[in-house]
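Student: Got a structure for you, structure11.cif, holding mmCIF, C-alpha atoms.
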```cif
data_final
#
loop_
_atom_site.label_atom_id
_atom_site.label_comp_id
_atom_site.auth_asym_id
_atom_site.auth_seq_id
_atom_site.Cartn_x
_atom_site.Cartn_y
_atom_site.Cartn_z
CA MET A 1023 -38.17 29.58 -28.39
CA ALA A 1024 -36.68 31.59 -25.54
CA ILE A 1025 -33.65 33.87 -25.71
CA MET A 1026 -31.03 34.04 -22.96
CA ALA A 1027 -28.35 36.74 -22.80
CA VAL A 1028 -25.34 35.86 -20.66
CA LEU A 1029 -22.94 38.50 -19.38
CA GLY A 1030 -19.64 36.75 -18.71
CA SER A 1031 -18.35 34.00 -21.00
CA GLY A 1032 -16.38 31.89 -18.54
CA ILE A 1033 -16.50 28.10 -18.59
CA MET A 1034 -19.53 27.68 -16.30
CA ALA A 1035 -21.71 30.21 -18.09
CA THR A 1036 -20.72 28.70 -21.43
CA ALA A 1037 -21.33 25.15 -20.20
CA LEU A 1038 -24.89 26.10 -19.30
CA SER A 1039 -25.46 27.12 -22.90
CA PHE A 1040 -25.35 23.44 -23.85
CA PRO A 1041 -28.56 22.13 -22.24
CA MET A 1042 -30.50 25.27 -23.09
CA SER A 1043 -29.45 25.38 -26.74
CA GLU A 1044 -30.07 21.64 -27.09
CA ASN A 1045 -33.66 22.34 -26.08
CA GLY A 1046 -34.02 24.63 -29.09
CA HIS A 1047 -33.45 27.97 -27.39
CA GLU A 1048 -31.11 30.79 -28.34
CA VAL A 1049 -28.13 31.70 -26.16
CA ARG A 1050 -26.17 34.94 -26.59
CA LEU A 1051 -22.79 34.93 -24.81
CA VAL A 1052 -21.46 38.40 -24.04
CA GLY A 1053 -17.85 38.70 -22.95
CA THR A 1054 -16.61 41.05 -20.27
CA HIS A 1055 -13.60 43.28 -20.87
CA LEU A 1056 -11.50 40.30 -19.72
CA ASP A 1057 -13.08 37.87 -22.20
CA ARG A 1058 -12.11 39.39 -25.52
CA GLU A 1059 -9.94 36.46 -26.60
CA ILE A 1060 -12.65 33.98 -25.62
CA ILE A 1061 -15.30 35.78 -27.66
CA ASP A 1062 -12.92 36.22 -30.58
CA SER A 1063 -12.23 32.48 -30.57
CA ILE A 1064 -15.92 31.55 -30.48
CA GLN A 1065 -16.73 34.00 -33.25
CA LYS A 1066 -13.95 32.68 -35.49
CA THR A 1067 -13.87 28.95 -34.70
CA GLY A 1068 -16.85 28.20 -32.47
CA VAL A 1069 -14.46 26.88 -29.79
CA HIS A 1070 -14.33 28.17 -26.23
CA PRO A 1071 -10.55 28.09 -25.63
CA ASN A 1072 -10.71 27.43 -21.88
CA LEU A 1073 -13.49 24.85 -22.03
CA GLY A 1074 -11.84 23.22 -25.04
CA LEU A 1075 -15.16 22.52 -26.73
CA LYS A 1076 -17.12 23.90 -29.65
CA VAL A 1077 -20.34 25.63 -28.66
CA ASN A 1078 -23.62 24.40 -30.05
CA PRO A 1079 -25.54 25.86 -32.97
CA GLY A 1080 -27.89 28.42 -31.52
CA VAL A 1081 -25.13 29.93 -29.37
CA SER A 1082 -23.66 33.23 -30.56
CA ALA A 1083 -20.89 35.38 -29.09
CA TYR A 1084 -20.74 39.15 -28.62
CA GLN A 1085 -18.01 41.49 -27.47
CA LEU A 1086 -18.91 43.77 -24.57
CA GLU A 1087 -19.56 46.80 -26.77
CA ASP A 1088 -22.30 44.79 -28.50
CA ALA A 1089 -24.05 43.88 -25.26
CA PRO A 1090 -27.12 46.08 -25.93
CA THR A 1091 -27.75 44.16 -29.14
CA ALA A 1092 -27.37 40.81 -27.36
CA PHE A 1093 -29.69 41.80 -24.52
CA ALA A 1094 -32.40 43.19 -26.80
CA GLY A 1095 -35.45 40.95 -26.61
CA ALA A 1096 -33.90 38.51 -24.11
CA ASP A 1097 -36.35 36.59 -21.93
CA VAL A 1098 -33.66 35.41 -19.53
CA VAL A 1099 -30.49 37.17 -18.38
CA MET A 1100 -27.64 35.26 -16.75
CA CYS A 1101 -25.09 36.78 -14.39
CA GLY A 1102 -22.03 34.82 -15.46
CA VAL A 1103 -19.04 36.60 -13.88
CA ASN A 1104 -17.07 35.39 -10.88
CA SER A 1105 -17.53 36.94 -7.44
CA PHE A 1106 -14.83 39.55 -8.02
CA GLY A 1107 -16.90 41.05 -10.83
CA ILE A 1108 -20.23 41.46 -9.05
CA GLU A 1109 -20.01 45.23 -8.56
CA TRP A 1110 -18.94 45.63 -12.17
CA ILE A 1111 -21.84 43.60 -13.52
CA ALA A 1112 -24.27 45.52 -11.34
CA GLU A 1113 -23.19 48.69 -13.16
CA GLN A 1114 -23.68 47.00 -16.52
CA PHE A 1115 -27.15 45.79 -15.58
CA LYS A 1116 -28.24 49.37 -14.90
CA THR A 1117 -28.52 49.87 -18.65
CA LEU A 1118 -28.96 46.29 -19.88
CA LEU A 1119 -31.73 44.84 -17.69
CA ARG A 1120 -35.33 45.38 -18.68
CA PRO A 1121 -38.61 44.95 -16.76
CA GLY A 1122 -40.08 41.47 -17.12
CA GLN A 1123 -36.78 39.67 -17.61
CA LYS A 1124 -35.88 36.69 -15.49
CA LEU A 1125 -32.38 36.90 -14.03
CA LEU A 1126 -30.46 33.70 -13.32
CA CYS A 1127 -27.33 34.14 -11.19
CA ILE A 1128 -24.48 31.62 -11.16
CA THR A 1129 -22.09 33.90 -9.23
CA LYS A 1130 -21.50 32.76 -5.65
CA GLY A 1131 -20.12 34.64 -2.66
CA MET A 1132 -20.87 37.28 -0.06
CA ARG A 1133 -20.02 40.83 0.86
CA ALA A 1134 -19.96 42.22 4.39
CA ASP A 1135 -20.52 45.60 6.02
CA ALA A 1136 -18.05 46.94 8.58
CA ASP A 1137 -20.31 45.69 11.38
CA GLY A 1138 -20.24 42.15 9.98
CA THR A 1139 -23.66 42.17 8.33
CA LEU A 1140 -23.46 39.68 5.46
CA HIS A 1141 -25.04 40.14 2.03
CA LEU A 1142 -25.58 37.60 -0.75
CA LEU A 1143 -24.32 38.70 -4.15
CA PRO A 1144 -27.73 39.10 -5.83
CA GLU A 1145 -28.47 41.66 -3.11
CA ILE A 1146 -25.37 43.60 -4.14
CA ILE A 1147 -26.73 43.78 -7.68
CA GLN A 1148 -30.16 44.80 -6.46
CA ASN A 1149 -28.76 47.58 -4.28
CA ALA A 1150 -27.09 49.15 -7.32
CA LEU A 1151 -30.27 49.22 -9.43
CA PRO A 1152 -33.33 51.48 -9.32
CA LYS A 1153 -35.91 50.04 -6.92
CA GLU A 1154 -38.63 49.96 -9.56
CA LEU A 1155 -36.43 47.87 -11.88
CA VAL A 1156 -35.55 45.45 -9.08
CA GLU A 1157 -39.25 44.90 -8.44
CA GLN A 1158 -39.94 44.24 -12.13
CA VAL A 1159 -37.20 41.61 -12.60
CA SER A 1160 -37.50 38.00 -11.43
CA TRP A 1161 -34.48 37.05 -9.27
CA ASN A 1162 -33.27 33.45 -9.42
CA ALA A 1163 -30.07 31.43 -9.06
CA VAL A 1164 -28.52 28.07 -9.94
CA VAL A 1165 -26.81 26.06 -7.20
CA GLY A 1166 -25.48 22.55 -6.86
CA PRO A 1167 -22.47 20.41 -7.75
CA SER A 1168 -21.56 21.37 -11.29
CA ILE A 1169 -18.17 20.97 -12.93
CA ALA A 1170 -18.51 22.99 -16.11
CA GLY A 1171 -16.85 20.52 -18.47
CA GLU A 1172 -18.96 17.66 -17.17
CA VAL A 1173 -22.14 19.59 -17.96
CA ALA A 1174 -20.89 20.40 -21.45
CA VAL A 1175 -20.08 16.76 -22.28
CA HIS A 1176 -23.41 15.53 -20.93
CA HIS A 1177 -22.36 13.88 -17.69
CA ASP A 1178 -25.31 13.58 -15.32
CA THR A 1179 -25.57 16.73 -13.22
CA ALA A 1180 -28.15 17.54 -10.54
CA VAL A 1181 -28.84 21.15 -9.56
CA VAL A 1182 -31.40 23.38 -7.88
CA PHE A 1183 -32.92 26.49 -9.40
CA CYS A 1184 -33.94 28.72 -6.49
CA GLY A 1185 -35.97 31.90 -6.50
CA HIS A 1186 -39.06 33.64 -5.19
CA ASN A 1187 -41.81 32.63 -7.62
CA GLN A 1188 -42.63 29.00 -8.37
CA ASP A 1189 -44.02 29.70 -11.84
CA ASP A 1190 -40.84 31.53 -12.81
CA LEU A 1191 -38.71 28.68 -11.49
CA GLU A 1192 -40.63 26.06 -13.46
CA TYR A 1193 -40.35 28.18 -16.59
CA LEU A 1194 -36.58 28.46 -16.17
CA ALA A 1195 -36.11 24.82 -15.20
CA ASP A 1196 -37.96 23.65 -18.30
CA LEU A 1197 -35.60 25.67 -20.50
CA PHE A 1198 -32.64 23.68 -19.18
CA ARG A 1199 -33.90 20.20 -18.26
CA THR A 1200 -32.45 17.40 -20.39
CA ASP A 1201 -31.76 13.70 -19.88
CA TYR A 1202 -28.41 14.63 -18.29
CA TYR A 1203 -29.11 18.04 -16.69
CA HIS A 1204 -31.53 17.37 -13.83
CA VAL A 1205 -33.17 20.41 -12.26
CA TRP A 1206 -35.10 20.70 -9.02
CA THR A 1207 -36.66 23.95 -7.82
CA SER A 1208 -36.86 25.63 -4.42
CA LEU A 1209 -38.23 28.83 -2.93
CA ASP A 1210 -35.47 28.83 -0.30
CA PHE A 1211 -33.42 31.36 -2.21
CA VAL A 1212 -31.52 32.60 0.84
CA GLY A 1213 -30.67 29.12 2.10
CA HIS A 1214 -29.40 27.84 -1.23
CA GLU A 1215 -27.39 30.95 -2.06
CA THR A 1216 -25.86 30.91 1.44
CA GLY A 1217 -24.87 27.26 1.10
CA ALA A 1218 -23.36 27.91 -2.32
CA ALA A 1219 -21.36 30.86 -1.01
CA THR A 1220 -20.04 29.31 2.19
CA LYS A 1221 -19.14 25.83 0.89
CA ASN A 1222 -16.23 27.46 -1.01
CA ILE A 1223 -14.62 28.25 2.35
CA TYR A 1224 -14.15 24.61 3.19
CA ALA A 1225 -12.78 23.55 -0.19
CA PHE A 1226 -9.58 25.36 0.77
CA ALA A 1227 -9.23 23.10 3.82
CA ALA A 1228 -9.76 20.02 1.64
CA GLY A 1229 -6.23 20.46 0.31
CA PHE A 1230 -4.48 20.33 3.67
CA ALA A 1231 -4.18 16.53 3.94
CA ALA A 1232 -2.42 16.13 0.59
CA GLY A 1233 0.01 18.89 1.55
CA LEU A 1234 0.76 17.37 4.94
CA LEU A 1235 1.51 14.02 3.31
CA LYS A 1236 3.72 15.61 0.69
CA ALA A 1237 5.66 17.51 3.34
CA GLN A 1238 6.37 14.20 5.09
CA GLY A 1239 7.26 12.42 1.85
CA LYS A 1240 4.27 10.12 2.31
CA GLU A 1241 2.10 11.12 -0.64
CA ASN A 1242 2.49 7.62 -2.13
CA ASP A 1243 2.08 5.69 1.11
CA ARG A 1244 -0.53 2.99 1.52
CA TYR A 1245 -2.15 4.83 4.40
CA VAL A 1246 -3.12 8.39 3.65
CA MET A 1247 -5.22 10.94 5.58
CA TYR A 1248 -8.84 10.24 4.72
CA ASN A 1249 -9.70 10.31 8.43
CA TYR A 1250 -8.30 13.84 8.72
CA GLY A 1251 -10.03 15.05 5.58
CA SER A 1252 -13.36 13.51 6.53
CA ALA A 1253 -13.38 15.17 9.94
CA ILE A 1254 -12.70 18.57 8.38
CA PHE A 1255 -15.40 17.94 5.78
CA ALA A 1256 -17.91 17.04 8.50
CA GLN A 1257 -17.13 20.17 10.52
CA GLY A 1258 -17.37 22.23 7.34
CA GLN A 1259 -20.82 20.78 6.60
CA LYS A 1260 -21.89 21.58 10.16
CA GLU A 1261 -20.82 25.19 9.68
CA VAL A 1262 -22.50 25.51 6.27
CA ARG A 1263 -25.73 24.43 7.96
CA GLN A 1264 -25.17 26.99 10.70
CA PHE A 1265 -24.56 29.72 8.11
CA VAL A 1266 -27.77 28.79 6.27
CA THR A 1267 -29.71 29.00 9.53
CA PHE A 1268 -28.05 32.27 10.54
CA MET A 1269 -28.90 33.94 7.22
CA GLY A 1270 -32.55 32.92 7.52
CA GLY A 1271 -32.61 29.91 5.22
CA ILE A 1272 -34.09 26.48 5.86
CA PRO A 1273 -31.45 24.46 7.77
CA GLU A 1274 -32.12 21.29 5.78
CA THR A 1275 -31.11 23.09 2.59
CA ALA A 1276 -27.49 22.65 3.70
CA ASP A 1277 -27.95 18.87 3.61
CA GLY A 1278 -28.76 18.78 -0.11
CA LEU A 1279 -27.36 19.76 -3.50
CA GLY A 1280 -26.83 23.43 -2.61
CA GLY A 1281 -24.88 22.60 0.54
CA VAL A 1282 -23.01 19.36 1.18
CA GLY A 1283 -23.44 18.22 -2.43
CA ASP A 1284 -21.76 21.33 -3.79
CA MET A 1285 -19.13 21.23 -1.04
CA PHE A 1286 -18.21 17.67 -2.00
CA VAL A 1287 -17.52 18.42 -5.66
CA THR A 1288 -15.67 21.65 -4.82
CA SER A 1289 -13.45 19.69 -2.43
CA MET A 1290 -12.46 17.21 -5.13
CA GLY A 1291 -9.97 19.58 -6.73
CA GLY A 1292 -9.44 22.97 -8.28
CA ARG A 1293 -7.56 26.13 -7.42
CA ASN A 1294 -8.73 26.51 -3.82
CA VAL A 1295 -7.80 22.92 -2.99
CA LYS A 1296 -4.39 23.46 -4.63
CA ALA A 1297 -3.84 26.53 -2.45
CA GLY A 1298 -4.73 24.48 0.62
CA THR A 1299 -2.24 21.83 -0.44
CA PHE A 1300 0.58 24.41 -0.43
CA VAL A 1301 -0.44 25.44 3.10
CA GLY A 1302 -0.43 21.79 4.15
CA GLN A 1303 3.18 21.62 2.98
CA GLY A 1304 4.03 24.31 5.51
CA ILE A 1305 4.11 27.30 3.17
CA PRO A 1306 2.59 30.46 4.72
CA PHE A 1307 -0.45 31.56 2.80
CA SER A 1308 0.98 35.00 2.10
CA GLN A 1309 3.71 33.23 0.13
CA VAL A 1310 1.19 31.00 -1.62
CA ARG A 1311 -0.70 34.09 -2.72
CA SER A 1312 2.33 36.12 -3.80
CA VAL A 1313 4.53 33.39 -5.32
CA HIS A 1314 3.05 29.95 -5.91
CA MET A 1315 -0.40 31.09 -7.07
CA LYS A 1316 0.25 34.70 -7.96
CA GLY A 1317 -2.53 36.13 -10.09
CA VAL A 1318 -4.78 33.07 -9.68
CA THR A 1319 -8.42 33.74 -8.80
CA LEU A 1320 -9.25 32.03 -5.50
CA GLU A 1321 -12.92 32.50 -4.74
CA GLY A 1322 -12.84 30.20 -1.71
CA VAL A 1323 -10.03 32.22 -0.17
CA ALA A 1324 -11.92 35.43 -0.93
CA ALA A 1325 -14.93 34.00 0.90
CA ILE A 1326 -12.76 33.17 3.89
CA SER A 1327 -11.42 36.72 3.99
CA VAL A 1328 -14.84 38.36 3.76
CA ILE A 1329 -16.80 36.02 6.00
CA GLY A 1330 -14.04 35.35 8.52
CA LYS A 1331 -13.58 39.06 9.12
CA ALA A 1332 -17.35 39.46 9.43
CA LEU A 1333 -17.47 36.75 12.10
CA ARG A 1334 -15.13 38.76 14.30
CA ALA A 1335 -17.30 41.86 13.97
CA LEU A 1336 -20.47 39.87 14.65
CA THR A 1337 -18.86 38.36 17.73
CA SER A 1338 -17.84 41.78 19.03
CA ARG A 1339 -21.46 42.93 18.67
CA GLY A 1340 -22.73 39.87 20.53
CA VAL A 1341 -24.66 38.60 17.50
CA ILE A 1342 -22.84 35.25 17.55
CA GLN A 1343 -20.69 33.43 20.09
CA GLU A 1344 -16.93 33.04 20.05
CA SER A 1345 -17.48 29.28 19.83
CA ASP A 1346 -19.49 29.55 16.59
CA PHE A 1347 -17.84 28.66 13.25
CA PRO A 1348 -14.48 27.50 14.66
CA LEU A 1349 -13.19 26.08 11.38
CA CYS A 1350 -14.02 29.20 9.38
CA ARG A 1351 -12.35 31.34 12.05
CA PHE A 1352 -9.25 29.16 11.95
CA LEU A 1353 -9.07 29.33 8.15
CA TYR A 1354 -9.31 33.12 8.37
CA SER A 1355 -6.26 33.15 10.66
CA VAL A 1356 -4.39 30.96 8.16
CA VAL A 1357 -5.28 33.16 5.18
CA GLU A 1358 -5.00 36.60 6.75
CA GLU A 1359 -2.46 36.08 9.55
CA ASP A 1360 -0.29 33.21 8.25
CA ALA A 1361 -1.26 31.10 11.27
CA PRO A 1362 0.40 27.66 11.29
CA LEU A 1363 -1.67 24.63 10.41
CA LYS A 1364 -2.58 23.54 13.93
CA MET A 1365 -6.17 22.38 13.59
CA PRO A 1366 -8.31 23.41 16.60
CA TRP A 1367 -9.83 19.95 17.02
CA ASP A 1368 -11.12 20.56 20.54
CA LYS A 1369 -13.40 23.34 19.25
CA PHE A 1370 -15.15 21.16 16.66
CA PHE A 1371 -18.46 19.30 17.11
CA ALA A 1372 -19.07 21.13 20.38
CA ASP A 1373 -22.84 20.59 20.42
CA LEU A 1374 -22.85 16.80 20.14
CA ARG A 1375 -25.22 15.16 22.63
#
```
Starting from the coordinates I provided, produce the structure as structure tokens.
Tutor:
Amino acid sequence: MAIMAVLGSGIMATALSFPMSENGHEVRLVGTHLDREIIDSIQKTGVHPNLGLKVNPGVSAYQLEDAPTAFAGADVVMCGVNSFGIEWIAEQFKTLLRPGQKLLCITKGMRADADGTLHLLPEIIQNALPKELVEQVSWNAVVGPSIAGEVAVHHDTAVVFCGHNQDDLEYLADLFRTDYYHVWTSLDFVGHETGAATKNIYAFAAGFAAGLLKAQGKENDRYVMYNYGSAIFAQGQKEVRQFVTFMGGIPETADGLGGVGDMFVTSMGGRNVKAGTFVGQGIPFSQVRSVHMKGVTLEGVAAISVIGKALRALTSRGVIQESDFPLCRFLYSVVEEDAPLKMPWDKFFADLR
């Protein structure tokens, strides 16, 4: 039996407790300072209030102050916070991580230096830790199209565990593989983490068509805007592939579960798509952020802000061309400058031959 300690008890981290615990392993969910009500609910009733499901036997819940107890003897450690909490969790890991543990990251996103240099989130954690500890921990991540509730109720889900050591990946994959949770492995850590981070950008744009139709009073018409949405999706996939290549990953990684597959499911709905729908209705994004979705976590929008700004710096340095990533650049102008929704169609698919 293996033991996994999870820091962050959101719905995705909790959903992943289901396949692992069903394989006879122990899962210890540790809440952040924002998760106290979630942990209290699991401790008292066994139910995760946001997921709406009772956790399995073999899953226990700990408040943050009890994290050292939960992490003691853990074989696997999961980074289960959202992208806004990555610096916070890095500080926690300074005292919680131990040599020999295998870290599994489900947090997706990027950070950027002032000159536009982009960093994947596991690198942010690594940079905060002592070098000797970083070298003694196995660094891995989960990517792919995964709606948390679907995993928890045993709907077929296909994902990739990526990392740097094949033996470690097979060990981790075997902890989670079930007849509904299908795991492949890959050593293209950079490519998969880049695809998982950048696909969130384009989920925001997936909401535009519904908003445009609603603004015209045509949301119930026979003919909708699948053509529009498909073209944006295709350009988004093209840019995800370009990001993967730029960051040093294998280009084909963008064509699989960690790229277009994940982008598809993220574009099917959720908070980022909802924000895009408001923009499609003609509402400036600053108003969406401050009024219509005030206080709502929008990781796709955060990715646009970080990466879009970085693209301008990289262009100024001559690292990339002005013609690169036209959709991401446009979305940055929408999010940060309240640009109107005038899609730059003539800049898309420029390298077709």
Student: Counting all atoms listed in the file, what is within 6 Å of segment 1080-1095 of chain A, bar same-chain residues fewer than 3 positions away, as a list in words?
Tutor: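 Using all atoms listed in the file, the neighbours found are Ala1027, Ser1043, Glu1048, Val1049, Arg1050, Leu1051, Val1052, Gly1053, Thr1054 and Ile1061 of chain A.
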Student: Check the smallest atom-to-atom distance from each of A:Phe1211, A:Leu1143, A:Phe1268, A:Gly1304 to Ile1342 of chain A using only C-alpha atoms, then report the winner.
Tutor: A:Phe1268
Student: Which is closer to Asn1222 of chain A than all the others in A:Glu1344, A:Asp1189, A:Asp1196, A:Glu1261, using only C-alpha atoms?
Tutor: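 Closest to Asn1222 of chain A, using only C-alpha atoms: A:Glu1261.
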Student: Determine the residue set returned by the PyMOL selection byres ((chain A and resi 1293) around 9) for the present structure, and present it as an mmCIF file with C-alpha atoms, keeping the file's coordinate frame.
Tutor:
```cif
data_model
loop_
_atom_site.group_PDB
_atom_site.id
_atom_site.type_symbol
_atom_site.label_atom_id
_atom_site.label_comp_id
_atom_site.auth_asym_id
_atom_site.auth_seq_id
_atom_site.Cartn_x
_atom_site.Cartn_y
_atom_site.Cartn_z
ATOM 1 C CA PHE A 1226 -9.580 25.360 0.770
ATOM 2 C CA GLY A 1291 -9.970 19.580 -6.730
ATOM 3 C CA GLY A 1292 -9.440 22.970 -8.280
ATOM 4 C CA ASN A 1294 -8.730 26.510 -3.820
ATOM 5 C CA VAL A 1295 -7.800 22.920 -2.990
ATOM 6 C CA LYS A 1296 -4.390 23.460 -4.630
ATOM 7 C CA ALA A 1297 -3.840 26.530 -2.450
ATOM 8 C CA GLY A 1298 -4.730 24.480 0.620
ATOM 9 C CA MET A 1315 -0.400 31.090 -7.070
ATOM 10 C CA VAL A 1318 -4.780 33.070 -9.680
ATOM 11 C CA THR A 1319 -8.420 33.740 -8.800
ATOM 12 C CA LEU A 1320 -9.250 32.030 -5.500
ATOM 13 C CA GLU A 1321 -12.920 32.500 -4.740
ATOM 14 C CA GLY A 1322 -12.840 30.200 -1.710
#
```
Student: Once the PyMOL selection byres ((chain A and resi 1193) around 12) has been evaluated on this model, what residues remain selected, and can you format them as a PyMOL selection string?
Tutor: chain A and resi 1024+1097-1098+1124+1126+1160+1162+1183-1185+1187-1192+1194-1199+1205-1207
Student: Given the file shown, enumerate the residues that the PyMOL selection byres ((chain A and resi 1363) around 9) captures and present them as a PyMOL selection string.
Tutor: chain A and resi 1230+1301-1302+1304+1352+1356+1360-1362+1364-1365
Student: In Å, with one decimal, what is the gap from atom CA of Gln1264 of chain A to atom CA of Phe1347 of chain A?
Tutor: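 We find that atom CA of Gln1264 of chain A and atom CA of Phe1347 of chain A lie 7.9 Å from each other.
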Student: Determine, counting all atoms listed in the file, which protein, DNA and RNA residues have an atom within 12 Å of an atom of Leu1056 of chain A; residues of the same chain fewer than 6 positions away are not included. Present the result as number ranges by chain.
Tutor: A: 1029-1032, 1062, 1085-1086, 1103-1104, 1107, 1110
Student: Kindly indicate which residue among A:Ile1108, A:Ile1305, A:Ala1218, A:Ile1060 lies nearest to Lys1236 of chain A, using only C-alpha atoms for the distances.
Tutor: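 Answer, going by the shortest atom-to-atom distance: A:Ile1305.
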Student: Enter the distance from atom CA of Lys1260 of chain A to atom CA of Trp1367 of chain A, in Å, rounded to one decimal.
Tutor: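 Atom CA of Trp1367 of chain A lies 14.0 Å from atom CA of Lys1260 of chain A.
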Student: Grab the atom CA of Leu1140 of chain A to atom CA of Ile1169 of chain A distance for me, in Å with one decimal place.
Tutor: 26.8 Å
Student: Which polymer residues have any atom within 8 Å of an atom of Val1212 of chain A, counting only C-alpha atoms, with same-chain residues fewer than 2 positions away left out, as an MDAnalysis selection string?
Tutor: chainID A and resid 1142 1210 1214:1216 1266 1269:1271
Student: Between A:Gly1280, A:Pro1071, A:Gly1171, A:Pro1144, which has the minimum distance to Ser1208 of chain A (counting all atoms listed in the file)?
Tutor: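 Answer, going by the shortest atom-to-atom distance: A:Gly1280.
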